[in-house]
Structure formats: C-alpha cells, structure tokens
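What follows is a set of notes on a single structure, which appears directly below.
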4 protein chains.
Amino acid sequence: MKDVHALPPAEGGFRLLEVGIADVRKPLTVQRRDRVVTLTVTFAVSVDLPASRKGSDLSRNAELLAEVVDATVTRPVASLESACSEIARSLLARHRYATASRVRARAEYFLPRGVSPDRESLEDFVLLATARAERGAAGAVRVVREVGTEAVGLTACPCAMENVRDQLTADYPLLKDPSLADLPLVTHNQRNRTRLTLELEEGVDVEADRMIEAIEAAQSSPTYAILKRGDEARVVVDAHRHPRFVEDVLRALLASLGARFSDLPDSVRVRAETVSEESIHKYNVVAAHEATLGELRANPGG
Amino acid sequence: MKDVHALPPAEGGFRLLEVGIADVRKPLTVQRRDRVVTLTVTFAVSVDLPASRKGSDLSRNAELLAEVVDATVTRPVASLESACSEIARSLLARHRYATASRVRARAEYFLPRGVSPDRESLEDFVLLATARAERGAAGAVRVVREVGTEAVGLTACPCAMENVRDQLTADYPLLKDPSLADLPLVTHNQRNRTRLTLELEEGVDVEADRMIEAIEAAQSSPTYAILKRGDEARVVVDAHRHPRFVEDVLRALLASLGARFSDLPDSVRVRAETVSEESIHKYNVVAAHEATLGELRANPGG
Amino acid sequence: MKDVHALPPAEGGFRLLEVGIADVRKPLTVQRRDRVVTLTVTFAVSVDLPASRKGSDLSRNAELLAEVVDATVTRPVASLESACSEIARSLLARHRYATASRVRARAEYFLPRGVSPDRESLEDFVLLATARAERGAAGAVRVVREVGTEAVGLTACPCAMENVRDQLTADYPLLKDPSLADLPLVTHNQRNRTRLTLELEEGVDVEADRMIEAIEAAQSSPTYAILKRGDEARVVVDAHRHPRFVEDVLRALLASLGARFSDLPDSVRVRAETVSEESIHKYNVVAAHEATLGELRANPGG
Amino acid sequence: MKDVHALPPAEGGFRLLEVGIADVRKPLTVQRRDRVVTLTVTFAVSVDLPASRKGSDLSRNAELLAEVVDATVTRPVASLESACSEIARSLLARHRYATASRVRARAEYFLPRGVSPDRESLEDFVLLATARAERGAAGAVRVVREVGTEAVGLTACPCAMENVRDQLTADYPLLKDPSLADLPLVTHNQRNRTRLTLELEEGVDVEADRMIEAIEAAQSSPTYAILKRGDEARVVVDAHRHPRFVEDVLRALLASLGARFSDLPDSVRVRAETVSEESIHKYNVVAAHEATLGELRANPGG
C-alpha cells in the first residue's frame, strides 16, 4: 500500500511545528489517595513534522490514546498530568521523525464540598494538563508539564460597598454609629471563575486539590451546592466581609503560593487568570498574571 | 442531469415533518423607526417532504435566503419577524411538494441604555423570530409567527436578605432600630437572563423594544455597561430594594403583559423563561411558564 | 428563621409550570451488564409552584441530587433514565405543594468500537434522559420517561455522486463500460450527528446501546477512532456504496425501529433528528420527524 | 466619594500584567472600499496595573468603547484593526498609571462568494484583530497589531484516495487503463477551518479580504452557499483533483504568503492553524505553524 504520508510535500518544504488530532474524548481512570475516579477528558495530541514528509501518521496518535487511556479502566493512572507525560513520551517513540510532541488535556473533576459534613456534595471543578516532550542530544527525551485547575467562587465588590455606605448614610444617619462601622453593606456580587496553572519540570509533582484550595481561599467565598437558609445567610455575610476585586483575587492567590507550595522550587512558572461574570454588567471583568514562584516569593507583598 | 431528489425513497416511504438547512449566518438590514440597523442572524429554514420524494431541493433554500436577506443591504425590511414570514411563504412557493414550512432566526440586537443620557451606550440583547407557514385548502397560505427577546438583568435574593437580617441583628443590635427597618441588607445577587416569546397571528405586530422593556422592568434592576462610582452604588441599592427570586421575575413579567400589550388579543400565546446564574452556587436557577394573554389577564394577580 | 419562599407572591398569583435548578454537573455511576461506568451528567430538575407560594424550596433539589447521585459512587444505578425516574418521584415527595416534576439529563457515554478487534477503542456517544412525574388522584404518582441517544457517523451525498458520474463520463468515456456501472464515484461526504428519542411508560425499558446501533446502521457508515490505511479505504468505499441524504438517514432509522424494537409497544412516541455538517457548505443540513412506533410499523415502507 | 481602586492592595503588592473587561459585544461600522458594513464585535480590553494600586478604573474601559465604537454608527472606521489601535492608544491616555494596554476583537464578516455571478451570496468568515500599546521612554506610545482571518473550506484526503485506488482496482480491473490514471477516486472529505494571523508594525496595513483569499486557495476547494446540481458536481470533482492533508493546506498557505503579500516586510510574524472536522472520525485533525515572512520567503519550497 502506498505510504502517501512519507512522500515529500508538494509545496512548502519546511518543518511544521504541530500536526495532530484534537477534541478526542476519552474516559480516564485515576487512582486518588482514597478513591478511584473516572474523568471524561478532551485530549489534543501532536508532534512536529520534518520538511521531508508530506504528512504525519495520525492513526498512531489514535492508537496510542486507545492503548494508554482505555487501559486505565483496569489499571488507573496516578493523575491526568502523568497520563499526559506518558502519552507525550510515547508519541516521540512512535513518530521517529518527530523532535517534539505536545499533549493537552482538559477534564471536569469532582470534589466533596459543603458548609458542614451533613451538607456535603460533589461539586465540579476543572483539571488541565499539558505535557511537552523534546528529543534532545543522544535521544534523551525531556518532558515539561503544566498542571492547571479552575474553580468557581463568589466575589463581592469592595468599591460599590464603600460608595453604598456613603449613599445610605444620608438616608439612615444611624449607620454613622460606631457600632455599625464594620456592618457589611450591600454591593454587587458575582460568579467568579479562576484558573491557576503551574509549569513543572519532570520529577516535581503537585496535588491538584491543593491548587483548587488555593483558588477558593482567594475568592470572597467558595460556592456550595447545598445551602439551607441559615447557611446561605452565613455564606453571604462571610463573602461580604471579604469583598474582592478580580485584582484582589489574583493577588491574594499569587501571594499565597510561595508558602502554600513551599515544596516547589523557585523556577516553577505560574500563570493565573480570573473572570468575574458581573451581575451589574452584561460583560465580564478579567485579570491575568504570569510570574515564577521565585518572583512571587521575592515580592514584599507575597 | 438526473434529479435524484425526485426519486422515490429507498426505505421508509413516509412524509417527513422537516427537512432543511440550519446554522446559516447572514447579515440582515432592518429599518427601525429612527435608524437602520444590521443584524447578524442565524437562520434555520425547512419544509416538510412528501412520502413520494427521496429528497428536498435544499439549494432552493440557500437561494431564497440569498435573495431575500442579501437584498436587504439596499432595501431594509421592517423587522426580523417580517423577514421570517416572507421567507416562510416563499419556501412554500418554491417547494411545490411541501405543505408546511418553518423559519427560525436568532440575532443579537443593540439598544442604547444608560443610567443617564451622558452614560448611554449600545448594549446587547437577543431577538428571536419564528414563522410557520401552512398551505391550506385552495392553496391559501397561513403564517403563524413567534417574536422573542432576551435581556440580561440583575436579581437580588429576597430570602437570603431576610435571613441575613436575623443573623446580623445578633451582632449589631442597633439594626433593630425602627429607622433601619427598611435598610437593604446584603444578599447574593446575580446575572439573570430572561426570555419572552409571543406567538402572533398574521396582521398582529409587536415591537421588540417593548418586550425588552417588559423584561427589564421585571428584574431587580437592569444592568448597564457604563457605571461611574456613584451610579454603581445607586443601581446596587435600587436592586436590593427590589429583591426577586426567579419566580418573582417570571410572575412580575407575566402579570405586566396584559396591560403593557393592551393592543394584543387574548389569544396570543406567551412563553417566558428566566435563568439566574447564581453567585453562591455553581449551577443556575430557572423558572418557566406558558399561558395565553387571556389567561394572564383573567388572573387576579395579573 | 423566616420562610420567605412560603409567603404569598407579591405579583402574579398564578401557578408556575416549572421552577428549579439547571446545569448541575454530577458524576453518576451506572452498572452496565458487564462493567461499571461513570457518566459525567448535566442535570436540570424542577417542579411546578402553586399560586399560593412565592418560591420553591430549591435547596431540596440540590440535596436530593446529592443523595441520589453522589450515592451511586458506592451503589451504582441501573441506568441514567432510572436515576431520573427516582429523582422525579423524590422531587414530588419533598415538594409537597408540587403536582408535577421534571428531570432532564445529558451525559457523554463511551462504547468500544473498531473495524476489527485489534482496532477497538472507546468512542464517544451521548445519552439523554427525561423523567416527568405527575401526582394523580389519591396521591398516585405516574412517571413518563424519555430515553435518547446521539451518535456521530458519516454520510455521502447520493445526488452529487450521480451528477459527478455524468460529468466525469464526458472526460473518461471508459466510465460507460458496464463493468464500471457500480463503481462508487466521488461525492461530498461529511460528519453526521443523529439523535433518537423514545418516550416510554414506566415499566417499559430500552437499552441505549441498541438505540445507538440503530443510528449507526442508518448512516452511510459509522466513524472510527483508529483506522490504519487499509481500513480507511474500506470505510470510505463502504460509505460510498451507501450514499445517503439526511432524509435517507432519518427514514432508514425510523423504518428500522419497528422490527429492531419488537419488544416495545405501538404507543411509544419516537423523535428523531439528524444534522449533516456539510463539507461543501458552511451551513448544516437537517431533518427531523416525530411519530409513534405504531405509525411507523403501519407504514408500508417501515 | 472614596476611590477604593486607588488604595494600595491589601495583599500581593506587585504589578499585574492585565486587568480589564471582556466579552463586550458591540456593533462596529466599517467603511470598506465599496460599501459600509456593520460588524458585531466581541471586545476584550485591558491595561496593566501598578503595584501601588488596588484596582483598575474599569468604567473608563466601558466609556471608551462606547465613545469609539458607538460613534462609528455615524462615522465609520477604516477597519476592525484600526479601531483596535485607536482603543489601545486611548486606554493608555485614560489609565495614566498603566504602561501597556491590549485590545482583542473578534467579528463575523460577510463577503460575496459564488461559483458564478448568478450564484453569489454573502458568506460568513471571521475577522480577528489585536492591538498592544506600550508606553515607552518620554511617553511615546508604540502599537503592535495582529490581523487575523478565518475561512471555512473543504479538504479531501489524498491518502485514502490512493489506497482506495489499490482496493478498487482489484474489483474493477479496468481502472488500470491508462485513460483512467488521473480519474479522481472516492476518499473522505470534510469541513476545514483555517486561521491566518499576521503581526504588523504600525503603518503597515494588510487587507483582510486578501488573507481570506489566501486561505481559500490553500484548501482543496472553497465552500459555497448556493450550489445547483451541476455546480455541486464541479466543486466535488475540483476538490478531489486537489486532495490535501491539513499539513498540505498549511504549507500551501504559508508558501504562498511571500509572493501574495510582496508589499509586506520580512519582519512580519505569521501564525497559521487549520482544523479538519474529519468525516470518518469523531475527532478533528489539526496543524499549526509560526514563522516570520522572511523565513517563509527564504524557504526553497516557499
């Protein structure tokens, strides 16, 4: 059978950075400390293509995903990112002509959350993982990974609260009473979605659950599926005692990472972004930053 | 050239209710009272198919859309729904074998909004239109249309506010002072998206802008693109003086329609649905209802 | 604590058809014949609301989902639709003021597929389920369910193939040779997504895998994740030996149901829709139909 | 009124790279050579935030968008990217504390397309634009822009076609006849979406329509809204005479740019990516590359 992919390209004889398959949906079984969970993952996997070849052998990518991912039904992997690393390495093994590979994965992930043990339920978060493998001198392969998480929480606006105080005080002079000085006042609050990504050298691992906890701690409040009337009021008051702009969420998150992840080296690259789906606007408010863990640690505010 | 569509079907010789093309994107130019606006519309158009034919002549649908919609660049139509009616009728004229046609359209729509004239900007809403044409006895064609609008606003929860009052009063006894009885207190508030649809006989028209106004009046507050600090506080306080569940939004909207649309007959079918993207939950809260305008008018609360 | 939901509504004292929570994401563990699978499900659950009440006790919906769905981690349910039935019944038990409830669910679902045993991999399909419960006389609750599946396949256009034959014959007179009469010729082919839904009385069950098989048999060909060069050519030739319009796919599917589901009664309501994401157009081609199984069986072509 | 944004941050006193508003929908009126078109644009605009400030004055972003974009109703701009440049500059003028700004925009865009003048209709493409402004020494502002376009076309697989030839020749020996040597044979074909982005210094302009033409020329065939039977066959045959992998599409596109855009300098950075929504798989096939125009010109195949 003719190997059309191995022919020289008709036009543009140059190396292409990435050729692969994307939007591949797969169930992946992961062994967590205390339980086995099945993630529904969207994978994109690719390798580079030398100038000499017309096409990449893409059926190898689909075969590889079937072998590595489908097999986890009976033999769970340690984590989404470890599966990505394994796939990135195997891609280079199967595409002998390739010098680099990339695997990207996104999955929903469920963790128990609740304001009290009798209010717990499984709530949804997002896991992200990327692995890039490069074939170095003497065939040695080096893999760099990114681990990411997303969590939804609540933010209450600190600015509107201050200005509401000014306005309401005109109508309610009693608000000037010192005993009401820290009474939380009405403001707009909204659904906030924050993403944290860490770029890690091989051999350095990080627990996604800890990353999710870091995000939740930086928002005005986590959100919960089950809130009975009293709970709801407590969550609302608590969130309004911690009003936060997207800027505050991002800085609080980034400032906390140095100590929270004291086990991680300074070289770890951090990316964070946060979106507040404003309740008083039809558009969203966003903030994003990128730095190394070392830079964040060096910072006086960090 | 062989007309494969006109052949008898290989299997299942029965009439099909709908065959057509969908996700057709088109710019449509509309003449509003005071200005010409261009809508970017997504169309789906279909006709039924008799048992005797293998296929529908779908290129006629694309031709028809090109003729009717593209022509509005130089000759604007009166409204999205009038364009849909015209297309529905023309579909029956071109598909002689069809007995019914359906056109569905969705477009973004911009209206000026602002807390004051110097804060005005164009904000985005959604227009929906459907036209169903039926070929009756003696070839007479009857068209029924639906006109829909969606608007984003803000809702503040009335329940959490009451329970917050109970909880805060324990910490701030001064809140019991009668002068603070109607002080709006913190609660959760969120982005709310509400849709209103009216089913109209031909000859009965309704102005989409009035439908959008009806929705905005039923939410705790409209939302605005431009809010300077003082504005923001006023919108927040105003919304918290009108706390509303999704149930309240829906009932307030439906109860207002009888009088707001006094020009419309009792037979008009009304559908309404509302979604609050909860700030304290990761999920949404929804309510939906359906009734005739006559039923809503008959209602004591309406 | 004040029960704001139980107050009478401020405006519009009429019953609302549906109030609930939507876009709730949950992992659901299902016991299949030969294996346990975890589905990531999106739930929407609602009940009606009497004219006398301001609001629905929505926290009960979230609690119920947590109890029923989260518990399947250790105690798998039989199917997505049986979980929906149980939730619909329990909603009525907890919302004593409600007369009807509705549960809607959508999940991705994986089945092994392959052109041969050594090419098998898990491929993605969609499961849909709805359960509506109504409180009848003497408190008896009746549940009606819908079970739906979606499958992606390939369609090749029969019309273009015939017209290509005419055109190519001018350039290649040899194509008139009788030995080439059934040579499959080039046409456009595309990704097709077809959905089949069956509405079932309680006590009547249907296996989702059989519904998916019915869809795949109606398309020009199933699609496969792993296709080595020879496989790919065989799938392509096979699909072009079964060229099908969306109309053909829909009729072939509907015509096959009577016999395929000979265990189901005539009263079962069937809905089917199919979308071909055209390769030669930027828009999609669609067909939809609705009938009872009895009507389909009565049909001569069925 | 208290300016909460101007306060020092509570935590993490470091500069943030980006703070802004996103998903802002606006109609933008553009003066093309021969006509005025209205684009419905999604904008994201942001500036950086110094370590000394708690928050960014986001209402200025919304005001600025209202001023610049809403004004185009009566005073059209030259292009989406020129509007982005103006907004990026104005952001720096209004946020005196900022050193950099970024504007991103995405819009649908319609151009007439047809296999012949009597088959023309408006078809949908995508326009993308980005402008990044930086405040340099002595207050000079430098803006770098990206202009992008997306176009949908058709790709036919060259590999399957060759292997189909091998398989069919066994059944149809006449296919070995030299007169049928270049008979296009069945293969899988699919919807392909390709994006091209050029990064430009200020003062260097490029016409989006030419970028769209470059993409269409690189696919196996453009797609068309209106295709009568004869047209459809011609498009299908033409596409099968130019079978192309995603790799071929990308290389053909990149190789053509040097000559097509001979007016652009070597320093222009080019990014291209292409997605084929495979008809024989449930997943997509992708390729991506990045280079300067100079590198592409230097290439022997370019």
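Naming scheme: A, B, ... for chains in displayed order of the structure tokens; residues 1 onward per chain; ligands 1 onward as shown.
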
Determine which residues of segment 128-272 of chain A DSSP labels as alpha helix (DSSP H) from the backbone of this structure, then write them out as a count of residues only.
53

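The shell of residues at most 6 Å from Gly148 of chain B, with only C-alpha atoms counted and near chain neighbours (fewer than 4 positions) removed, consists of Leu127, Leu128, Ala129, Leu196 and Thr197 of chain B.
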
Contacts from chain A to chain B, 9 Å maximum, only C-alpha atoms: show me the residue list as a PyMOL selection string.
chain A and resi 123-124+152-156+159-168+172-175+177+179-180+183-192+221-227+229-230+232-237+240+277-283

Among segment 126-172 of chain A, which residues does DSSP mark as strand (DSSP E or B) when it is run on the backbone? Keep the chain and numbering as in the structure and answer as JSON, numbers by chain.
{"A": [126, 127, 128, 129, 130, 131, 132, 133, 134, 135, 141, 142, 143, 144, 145, 146, 147, 148, 149, 150, 151, 152, 153, 154, 155, 156]}

From A:Ser256, A:Gln219, A:Thr274, A:Ser85, residue lying nearest Asp238 of chain A [only C-alpha atoms]:
A:Gln219

Could you name the residues that touch Ala78 of chain C at 10 Å or less, counting only C-alpha atoms, but leaving out those on the same chain fewer than 2 positions away, as a PyMOL selection string?
chain C and resi 29-33+36+72+75-76+80-83

Write the residues of the preceding selection, restricted to N, CA and C atoms, as an mmCIF file, in the first residue's frame.
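Contents of result-v4.cif, as written:
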```
data_model
loop_
_atom_site.group_PDB
_atom_site.id
_atom_site.type_symbol
_atom_site.label_atom_id
_atom_site.label_comp_id
_atom_site.auth_asym_id
_atom_site.auth_seq_id
_atom_site.Cartn_x
_atom_site.Cartn_y
_atom_site.Cartn_z
ATOM 1 N N THR C 29 -22.634 6.883 38.690
ATOM 2 C CA THR C 29 -22.056 5.566 38.421
ATOM 3 C C THR C 29 -23.165 4.596 38.051
ATOM 4 N N VAL C 30 -22.974 3.943 36.913
ATOM 5 C CA VAL C 30 -24.010 3.078 36.352
ATOM 6 C C VAL C 30 -23.467 1.661 36.212
ATOM 7 N N GLN C 31 -24.297 0.686 36.601
ATOM 8 C CA GLN C 31 -23.916 -0.722 36.456
ATOM 9 C C GLN C 31 -24.423 -1.226 35.111
ATOM 10 N N ARG C 32 -23.515 -1.431 34.173
ATOM 11 C CA ARG C 32 -23.889 -1.997 32.882
ATOM 12 C C ARG C 32 -23.757 -3.512 32.974
ATOM 13 N N ARG C 33 -24.257 -4.208 31.972
ATOM 14 C CA ARG C 33 -24.238 -5.664 32.008
ATOM 15 C C ARG C 33 -22.882 -6.183 32.505
ATOM 16 N N VAL C 36 -18.867 -1.409 35.220
ATOM 17 C CA VAL C 36 -19.365 -0.214 35.897
ATOM 18 C C VAL C 36 -18.808 1.000 35.165
ATOM 19 N N THR C 72 -24.348 6.934 44.183
ATOM 20 C CA THR C 72 -24.064 5.888 43.190
ATOM 21 C C THR C 72 -22.581 5.545 43.115
ATOM 22 N N ARG C 75 -23.007 2.688 45.212
ATOM 23 C CA ARG C 75 -24.154 1.840 44.890
ATOM 24 C C ARG C 75 -24.658 2.257 43.501
ATOM 25 N N PRO C 76 -24.076 1.708 42.425
ATOM 26 C CA PRO C 76 -24.418 2.140 41.066
ATOM 27 C C PRO C 76 -25.896 1.932 40.743
ATOM 28 N N LEU C 80 -29.080 5.776 33.397
ATOM 29 C CA LEU C 80 -29.314 7.206 33.558
ATOM 30 C C LEU C 80 -30.809 7.473 33.719
ATOM 31 N N GLU C 81 -31.641 6.779 32.929
ATOM 32 C CA GLU C 81 -33.077 7.052 32.977
ATOM 33 C C GLU C 81 -33.711 6.548 34.266
ATOM 34 N N SER C 82 -33.178 5.469 34.841
ATOM 35 C CA SER C 82 -33.755 5.014 36.108
ATOM 36 C C SER C 82 -33.395 5.996 37.218
ATOM 37 N N ALA C 83 -32.192 6.578 37.140
ATOM 38 C CA ALA C 83 -31.842 7.624 38.108
ATOM 39 C C ALA C 83 -32.792 8.810 37.958
#
```

Near-segment 242-249 of chain B list (8 Å; only C-alpha atoms; drop same-chain fewer than 6 positions) as a PyMOL selection string
(chain B and resi 155-158+218-221+274-276+285-287) or (chain C and resi 9-11+16+19+54-55)

What's around Glu273 of chain B at 6 Å? Count only C-alpha atoms, leave out sequence neighbours fewer than 2 positions away in its own chain, and write the answer as a PyMOL selection string.
chain B and resi 194-195+287-288
